[in-house]
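Participant: Below you'll find the structure I mean.
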Amino acid sequence: MAELRTSIHGQWSSRWAFVLAATGSAVGLGNIWKFPYITGENGGGAFVLVYLLCIAVIGFPIMMAEIMLGRRGRQSPINTMYTLAIESGHSGQWKWLGWMGVVAGFLILSYYSVIAGWALAYIFRTAASTFNNVTPDGVSSIFNTFLADPESLLFWHTVFMVMTMLVVARGVSGGLEKAVKFLMPGLFLILLVLLGYAMSTGEFNRGLDFLFNPDFSRINQESVLIAMGHAFFTLSLGMGAIMVYGSYLPQNASIAGTTFLIVIADTAVALVAGMVIFPLVFANGLEPGAGPGLIFQTLPMAFGHMPGGAVFGTLFFILLAFAAWSSSISLIEPAVAWLVENHNMDRMQASVIMGIACWLTGLLTVFSFNLLADFTPLDMFESFKGKTLFDLLDFLTASIMLPLGGLAIAIFSVWVMGRDASRDELDMGDGLAYKLWRFLVRYITPVAVIIVFLHAIGMIDLAG
Ligand code: TRP
């Protein structure tokens, strides 16, 4: 029925290229840096369980919805939302949903690049055997000295932003696709090697126990909000990244099957990362709740004491930087696609402009760890006490903007867009699978997001 659009930006060469690219987007710092540290901060097993539940009942159906909208609209999220809304007889103001996504992606990339810079810096540190036989104090002091030096952070932030823009400038199949084709398989390989090492450290069972044995007394409403936000973050949902990748997806690829592969791969990487990191944490008497520095303090310590540690350590941080690289390109792709569509720029110009703007915004995060470490502007609210600009940016994007974006995407997909259109695009007939998807997106996702939000707002008010 509907005439098929094509994207002016080109298309993935195959369904597999899309799976690789979307997995490349999903698997990143979220899985390897953020998942372990927020799991450590939120007490382990119970948090992991809530996170897995959110992946299954919210993340999975929302990813299908985003890919579906993207492929249907075949433009940047802003223009896709506008076109699809008009097409189904609704207000073009839905384009603001696309805008919120562009802003969220931009803000996330601004701090993502700084943390990815840490990974780049640590490649060279481990390779230089800086951590040989280091003590726990020694490893913290190396990390803290690094954070205290805005120039080093700035340098690596700059390197990472340039790397990101180089790939984005080269376009859909020339840049993005080529990069992930060799990044993703390498990543899986290195992770498995590290898993083998973690299993042989002797604290593997304690690590597993921490990750998978739920103790519900250790989580609260804020933990649930963080777990839900992280489900969006780790799957790259709620801001149009997967939507824009979906807009380059060949018409005949199955959306449900593709989504399944991406979700499984992403979840597996996070859990394996946890299974690598926590046994090492316990084997070395380190603290699981150490915060954003967790992997940068605990792992170098472990690497410093194992045979061949310099090699394993270097491999690990290369892996982390690669994973971050294939994610960062998707954070800025919606904005770049929009500049190309609406401002008649080529990809090169668009990437440079966005890159510079994002780099500048990243300074807020760079300085959050040194010059502005004591600048905690929302201290008047109990729940934001002591949060730096970086903490606040992370909270605003991951815990607020992404779930809100996901909620709006859910509402759009089933309440605004006609049933025929979504069934047609998802192309899975009118059977149980389609009905289940529709039920989840229509009722479960919105209700879950709203309930978690209401609880979180209650929490802020009560405490504030
Ligand atoms: N999912 C990536 C990670 O886990 C980060 C990321 C890439 C992202 N694109 C996104 C997060 C879009 C939110 C939205 O590291």
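In the structure tokens, the first chain shown is A, the next is B, and so on; residue numbers restart at 1 for each chain, and ligands run from 1 in the order shown.
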For ligand 1, list the contacting residues at 10 Å or closer, counting only C-alpha atoms and all ligand atoms, as a ChimeraX atom specification.

Facilitator: /A:22-35,101-102,104-106,108-109,112,116,229-243,266,270,320,323-334,397-398,401-402,405

Participant: Quick one: contact table of region 326-414 of chain A to region 64-72 of chain A, 8 Å max, nearest atom pair and distance in Å to one decimal per residue, counting only C-alpha atoms, chain and number order, as a Markdown table?

Facilitator:
| residue | atom | partner | partner_atom | distance |
| --- | --- | --- | --- | --- |
| A:Ile409 | CA | A:Glu66 | CA | 7.1 |
| A:Ala410 | CA | A:Ala65 | CA | 7.1 |
| A:Ser413 | CA | A:Ala65 | CA | 6.4 |

Participant: Name the residues in contact with Pro150 (chain A) at a cut-off of 7 Å, using only C-alpha atoms, excluding same-chain residues fewer than 5 positions from it; report them as a list in words.

Facilitator: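 Once the adjacent positions are removed, what remains is Val366, Phe367 and Asn370 of chain A.
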
Participant: Go ahead and save the residues from that selection, with N, CA, C and O atoms, as an mmCIF file, in the first residue's frame.

Facilitator:
data_model
loop_
_atom_site.group_PDB
_atom_site.id
_atom_site.type_symbol
_atom_site.label_atom_id
_atom_site.label_comp_id
_atom_site.auth_asym_id
_atom_site.auth_seq_id
_atom_site.Cartn_x
_atom_site.Cartn_y
_atom_site.Cartn_z
ATOM 1 N N VAL A 366 35.056 17.261 31.229
ATOM 2 C CA VAL A 366 36.492 17.288 31.520
ATOM 3 C C VAL A 366 36.741 18.011 32.843
ATOM 4 O O VAL A 366 37.424 17.504 33.732
ATOM 5 N N PHE A 367 36.127 19.185 32.992
ATOM 6 C CA PHE A 367 36.381 19.980 34.200
ATOM 7 C C PHE A 367 35.641 19.450 35.426
ATOM 8 O O PHE A 367 35.983 19.806 36.549
ATOM 9 N N ASN A 370 38.116 17.926 37.761
ATOM 10 C CA ASN A 370 39.239 18.679 38.328
ATOM 11 C C ASN A 370 38.815 20.109 38.707
ATOM 12 O O ASN A 370 38.307 20.314 39.789
#

Participant: What gap, in Å, lies between CA of Phe381 (chain A) and CA of Gly289 (chain A)?

Facilitator: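 Those two atoms sit 22.7 Å apart.
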
Participant: Excluding Ala335 (chain A) and its own-chain neighbours fewer than 6 positions away, which residues fall within 12 Å of it when counting only C-alpha atoms? Please give them as a PDB file with N, CA, C and O atoms, in the first residue's frame.

Facilitator:
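Below is the file that was written, out-v8.pdb:
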ATOM      1  N   GLN A  75      14.501   8.803   7.056  1.00  0.00           N
ATOM      2  CA  GLN A  75      15.187  10.088   7.153  1.00  0.00           C
ATOM      3  C   GLN A  75      15.757  10.219   8.560  1.00  0.00           C
ATOM      4  O   GLN A  75      15.640   9.308   9.369  1.00  0.00           O
ATOM      5  N   SER A  76      16.366  11.363   8.836  1.00  0.00           N
ATOM      6  CA  SER A  76      16.827  11.611  10.191  1.00  0.00           C
ATOM      7  C   SER A  76      15.607  11.558  11.111  1.00  0.00           C
ATOM      8  O   SER A  76      14.487  11.800  10.664  1.00  0.00           O
ATOM      9  N   PRO A  77      15.804  11.243  12.402  1.00  0.00           N
ATOM     10  CA  PRO A  77      14.652  11.113  13.304  1.00  0.00           C
ATOM     11  C   PRO A  77      13.728  12.339  13.289  1.00  0.00           C
ATOM     12  O   PRO A  77      12.504  12.187  13.370  1.00  0.00           O
ATOM     13  N   ILE A  78      14.290  13.530  13.151  1.00  0.00           N
ATOM     14  CA  ILE A  78      13.433  14.727  13.154  1.00  0.00           C
ATOM     15  C   ILE A  78      12.460  14.682  11.965  1.00  0.00           C
ATOM     16  O   ILE A  78      11.244  14.816  12.127  1.00  0.00           O
ATOM     17  N   ASN A  79      13.001  14.457  10.786  1.00  0.00           N
ATOM     18  CA  ASN A  79      12.146  14.437   9.596  1.00  0.00           C
ATOM     19  C   ASN A  79      11.287  13.175   9.513  1.00  0.00           C
ATOM     20  O   ASN A  79      10.176  13.210   8.988  1.00  0.00           O
ATOM     21  N   GLY A  98      11.953  14.020  17.678  1.00  0.00           N
ATOM     22  CA  GLY A  98      13.240  13.858  17.001  1.00  0.00           C
ATOM     23  C   GLY A  98      14.274  14.826  17.549  1.00  0.00           C
ATOM     24  O   GLY A  98      15.435  14.478  17.771  1.00  0.00           O
ATOM     25  N   TRP A  99      13.820  16.063  17.817  1.00  0.00           N
ATOM     26  CA  TRP A  99      14.733  17.069  18.359  1.00  0.00           C
ATOM     27  C   TRP A  99      15.262  16.699  19.728  1.00  0.00           C
ATOM     28  O   TRP A  99      16.440  16.885  20.027  1.00  0.00           O
ATOM     29  N   MET A 100      14.377  16.182  20.569  1.00  0.00           N
ATOM     30  CA  MET A 100      14.834  15.799  21.898  1.00  0.00           C
ATOM     31  C   MET A 100      15.922  14.725  21.769  1.00  0.00           C
ATOM     32  O   MET A 100      16.913  14.733  22.498  1.00  0.00           O
ATOM     33  N   GLY A 101      15.708  13.818  20.809  1.00  0.00           N
ATOM     34  CA  GLY A 101      16.702  12.777  20.583  1.00  0.00           C
ATOM     35  C   GLY A 101      18.040  13.341  20.152  1.00  0.00           C
ATOM     36  O   GLY A 101      19.096  12.926  20.641  1.00  0.00           O
ATOM     37  N   VAL A 102      17.986  14.301  19.245  1.00  0.00           N
ATOM     38  CA  VAL A 102      19.233  14.909  18.774  1.00  0.00           C
ATOM     39  C   VAL A 102      19.976  15.555  19.940  1.00  0.00           C
ATOM     40  O   VAL A 102      21.190  15.377  20.108  1.00  0.00           O
ATOM     41  N   VAL A 103      19.233  16.267  20.783  1.00  0.00           N
ATOM     42  CA  VAL A 103      19.868  16.921  21.931  1.00  0.00           C
ATOM     43  C   VAL A 103      20.432  15.872  22.900  1.00  0.00           C
ATOM     44  O   VAL A 103      21.569  15.991  23.380  1.00  0.00           O
ATOM     45  N   ALA A 104      19.650  14.823  23.164  1.00  0.00           N
ATOM     46  CA  ALA A 104      20.122  13.782  24.089  1.00  0.00           C
ATOM     47  C   ALA A 104      21.398  13.140  23.553  1.00  0.00           C
ATOM     48  O   ALA A 104      22.375  12.962  24.296  1.00  0.00           O
ATOM     49  N   GLY A 105      21.406  12.796  22.276  1.00  0.00           N
ATOM     50  CA  GLY A 105      22.579  12.146  21.693  1.00  0.00           C
ATOM     51  C   GLY A 105      23.802  13.048  21.768  1.00  0.00           C
ATOM     52  O   GLY A 105      24.911  12.608  22.091  1.00  0.00           O
ATOM     53  N   PHE A 106      23.573  14.311  21.497  1.00  0.00           N
ATOM     54  CA  PHE A 106      24.635  15.298  21.550  1.00  0.00           C
ATOM     55  C   PHE A 106      25.229  15.389  22.962  1.00  0.00           C
ATOM     56  O   PHE A 106      26.442  15.330  23.159  1.00  0.00           O
ATOM     57  N   LEU A 107      24.351  15.493  23.956  1.00  0.00           N
ATOM     58  CA  LEU A 107      24.817  15.602  25.341  1.00  0.00           C
ATOM     59  C   LEU A 107      25.530  14.326  25.783  1.00  0.00           C
ATOM     60  O   LEU A 107      26.562  14.387  26.459  1.00  0.00           O
ATOM     61  N   LEU A 109      27.104  12.167  23.871  1.00  0.00           N
ATOM     62  CA  LEU A 109      28.417  12.078  23.222  1.00  0.00           C
ATOM     63  C   LEU A 109      29.432  12.998  23.895  1.00  0.00           C
ATOM     64  O   LEU A 109      30.607  12.670  23.990  1.00  0.00           O
ATOM     65  N   VAL A 168      32.234   9.170  10.961  1.00  0.00           N
ATOM     66  CA  VAL A 168      30.913   9.700  10.605  1.00  0.00           C
ATOM     67  C   VAL A 168      30.973  10.438   9.262  1.00  0.00           C
ATOM     68  O   VAL A 168      30.086  10.301   8.425  1.00  0.00           O
ATOM     69  N   MET A 239      16.557   7.874  21.699  1.00  0.00           N
ATOM     70  CA  MET A 239      16.977   9.151  21.122  1.00  0.00           C
ATOM     71  C   MET A 239      17.151   9.119  19.608  1.00  0.00           C
ATOM     72  O   MET A 239      17.629  10.082  19.041  1.00  0.00           O
ATOM     73  N   GLY A 240      16.774   8.021  18.982  1.00  0.00           N
ATOM     74  CA  GLY A 240      16.791   8.014  17.520  1.00  0.00           C
ATOM     75  C   GLY A 240      18.030   7.417  16.881  1.00  0.00           C
ATOM     76  O   GLY A 240      18.144   7.393  15.664  1.00  0.00           O
ATOM     77  N   ALA A 241      18.985   6.920  17.702  1.00  0.00           N
ATOM     78  CA  ALA A 241      20.187   6.310  17.109  1.00  0.00           C
ATOM     79  C   ALA A 241      19.809   5.054  16.340  1.00  0.00           C
ATOM     80  O   ALA A 241      20.186   4.866  15.176  1.00  0.00           O
ATOM     81  N   VAL A 244      17.712   5.936  13.293  1.00  0.00           N
ATOM     82  CA  VAL A 244      18.425   6.393  12.103  1.00  0.00           C
ATOM     83  C   VAL A 244      19.171   5.213  11.463  1.00  0.00           C
ATOM     84  O   VAL A 244      19.223   5.086  10.244  1.00  0.00           O
ATOM     85  N   ILE A 329      29.680   6.882  17.133  1.00  0.00           N
ATOM     86  CA  ILE A 329      29.238   7.326  15.806  1.00  0.00           C
ATOM     87  C   ILE A 329      27.710   7.348  15.719  1.00  0.00           C
ATOM     88  O   ILE A 329      27.147   8.185  15.012  1.00  0.00           O
ATOM     89  N   GLU A 341      20.207  16.740   5.505  1.00  0.00           N
ATOM     90  CA  GLU A 341      18.890  16.838   4.867  1.00  0.00           C
ATOM     91  C   GLU A 341      18.379  18.278   4.799  1.00  0.00           C
ATOM     92  O   GLU A 341      17.870  18.724   3.778  1.00  0.00           O
ATOM     93  N   ASN A 342      18.501  18.989   5.907  1.00  0.00           N
ATOM     94  CA  ASN A 342      17.821  20.287   5.980  1.00  0.00           C
ATOM     95  C   ASN A 342      18.714  21.481   5.700  1.00  0.00           C
ATOM     96  O   ASN A 342      18.227  22.574   5.503  1.00  0.00           O
ATOM     97  N   HIS A 343      20.014  21.282   5.741  1.00  0.00           N
ATOM     98  CA  HIS A 343      20.886  22.436   5.549  1.00  0.00           C
ATOM     99  C   HIS A 343      21.841  22.264   4.408  1.00  0.00           C
ATOM    100  O   HIS A 343      22.825  22.985   4.285  1.00  0.00           O
ATOM    101  N   MET A 345      24.159  20.398   3.619  1.00  0.00           N
ATOM    102  CA  MET A 345      25.606  20.243   3.829  1.00  0.00           C
ATOM    103  C   MET A 345      26.034  18.875   3.332  1.00  0.00           C
ATOM    104  O   MET A 345      25.220  17.975   3.207  1.00  0.00           O
ATOM    105  N   ARG A 347      28.376  15.446   4.279  1.00  0.00           N
ATOM    106  CA  ARG A 347      28.592  14.774   5.564  1.00  0.00           C
ATOM    107  C   ARG A 347      29.826  15.313   6.266  1.00  0.00           C
ATOM    108  O   ARG A 347      29.885  15.385   7.491  1.00  0.00           O
ATOM    109  N   ALA A 350      28.945  18.631   7.969  1.00  0.00           N
ATOM    110  CA  ALA A 350      28.033  18.377   9.085  1.00  0.00           C
ATOM    111  C   ALA A 350      28.792  17.751  10.251  1.00  0.00           C
ATOM    112  O   ALA A 350      28.603  18.125  11.415  1.00  0.00           O
ATOM    113  N   SER A 351      29.693  16.799   9.948  1.00  0.00           N
ATOM    114  CA  SER A 351      30.430  16.121  11.020  1.00  0.00           C
ATOM    115  C   SER A 351      31.354  17.090  11.738  1.00  0.00           C
ATOM    116  O   SER A 351      31.472  17.048  12.966  1.00  0.00           O
ATOM    117  N   VAL A 352      32.008  17.939  10.976  1.00  0.00           N
ATOM    118  CA  VAL A 352      32.947  18.871  11.599  1.00  0.00           C
ATOM    119  C   VAL A 352      32.202  19.823  12.540  1.00  0.00           C
ATOM    120  O   VAL A 352      32.604  20.037  13.689  1.00  0.00           O
ATOM    121  N   ILE A 353      31.077  20.362  12.062  1.00  0.00           N
ATOM    122  CA  ILE A 353      30.320  21.296  12.903  1.00  0.00           C
ATOM    123  C   ILE A 353      29.844  20.623  14.189  1.00  0.00           C
ATOM    124  O   ILE A 353      30.047  21.131  15.298  1.00  0.00           O
ATOM    125  N   MET A 354      29.235  19.441  14.039  1.00  0.00           N
ATOM    126  CA  MET A 354      28.734  18.753  15.228  1.00  0.00           C
ATOM    127  C   MET A 354      29.890  18.353  16.141  1.00  0.00           C
ATOM    128  O   MET A 354      29.783  18.420  17.361  1.00  0.00           O
ATOM    129  N   GLY A 355      30.977  17.931  15.536  1.00  0.00           N
ATOM    130  CA  GLY A 355      32.128  17.493  16.323  1.00  0.00           C
ATOM    131  C   GLY A 355      32.678  18.619  17.190  1.00  0.00           C
ATOM    132  O   GLY A 355      32.950  18.426  18.372  1.00  0.00           O
ATOM    133  N   ALA A 357      31.096  21.372  18.170  1.00  0.00           N
ATOM    134  CA  ALA A 357      30.120  21.762  19.196  1.00  0.00           C
ATOM    135  C   ALA A 357      30.129  20.755  20.345  1.00  0.00           C
ATOM    136  O   ALA A 357      30.098  21.119  21.526  1.00  0.00           O
ATOM    137  N   CYS A 358      30.201  19.492  19.995  1.00  0.00           N
ATOM    138  CA  CYS A 358      30.152  18.442  21.001  1.00  0.00           C
ATOM    139  C   CYS A 358      31.443  18.420  21.822  1.00  0.00           C
ATOM    140  O   CYS A 358      31.420  18.178  23.030  1.00  0.00           O
TER     141      CYS A 358
END
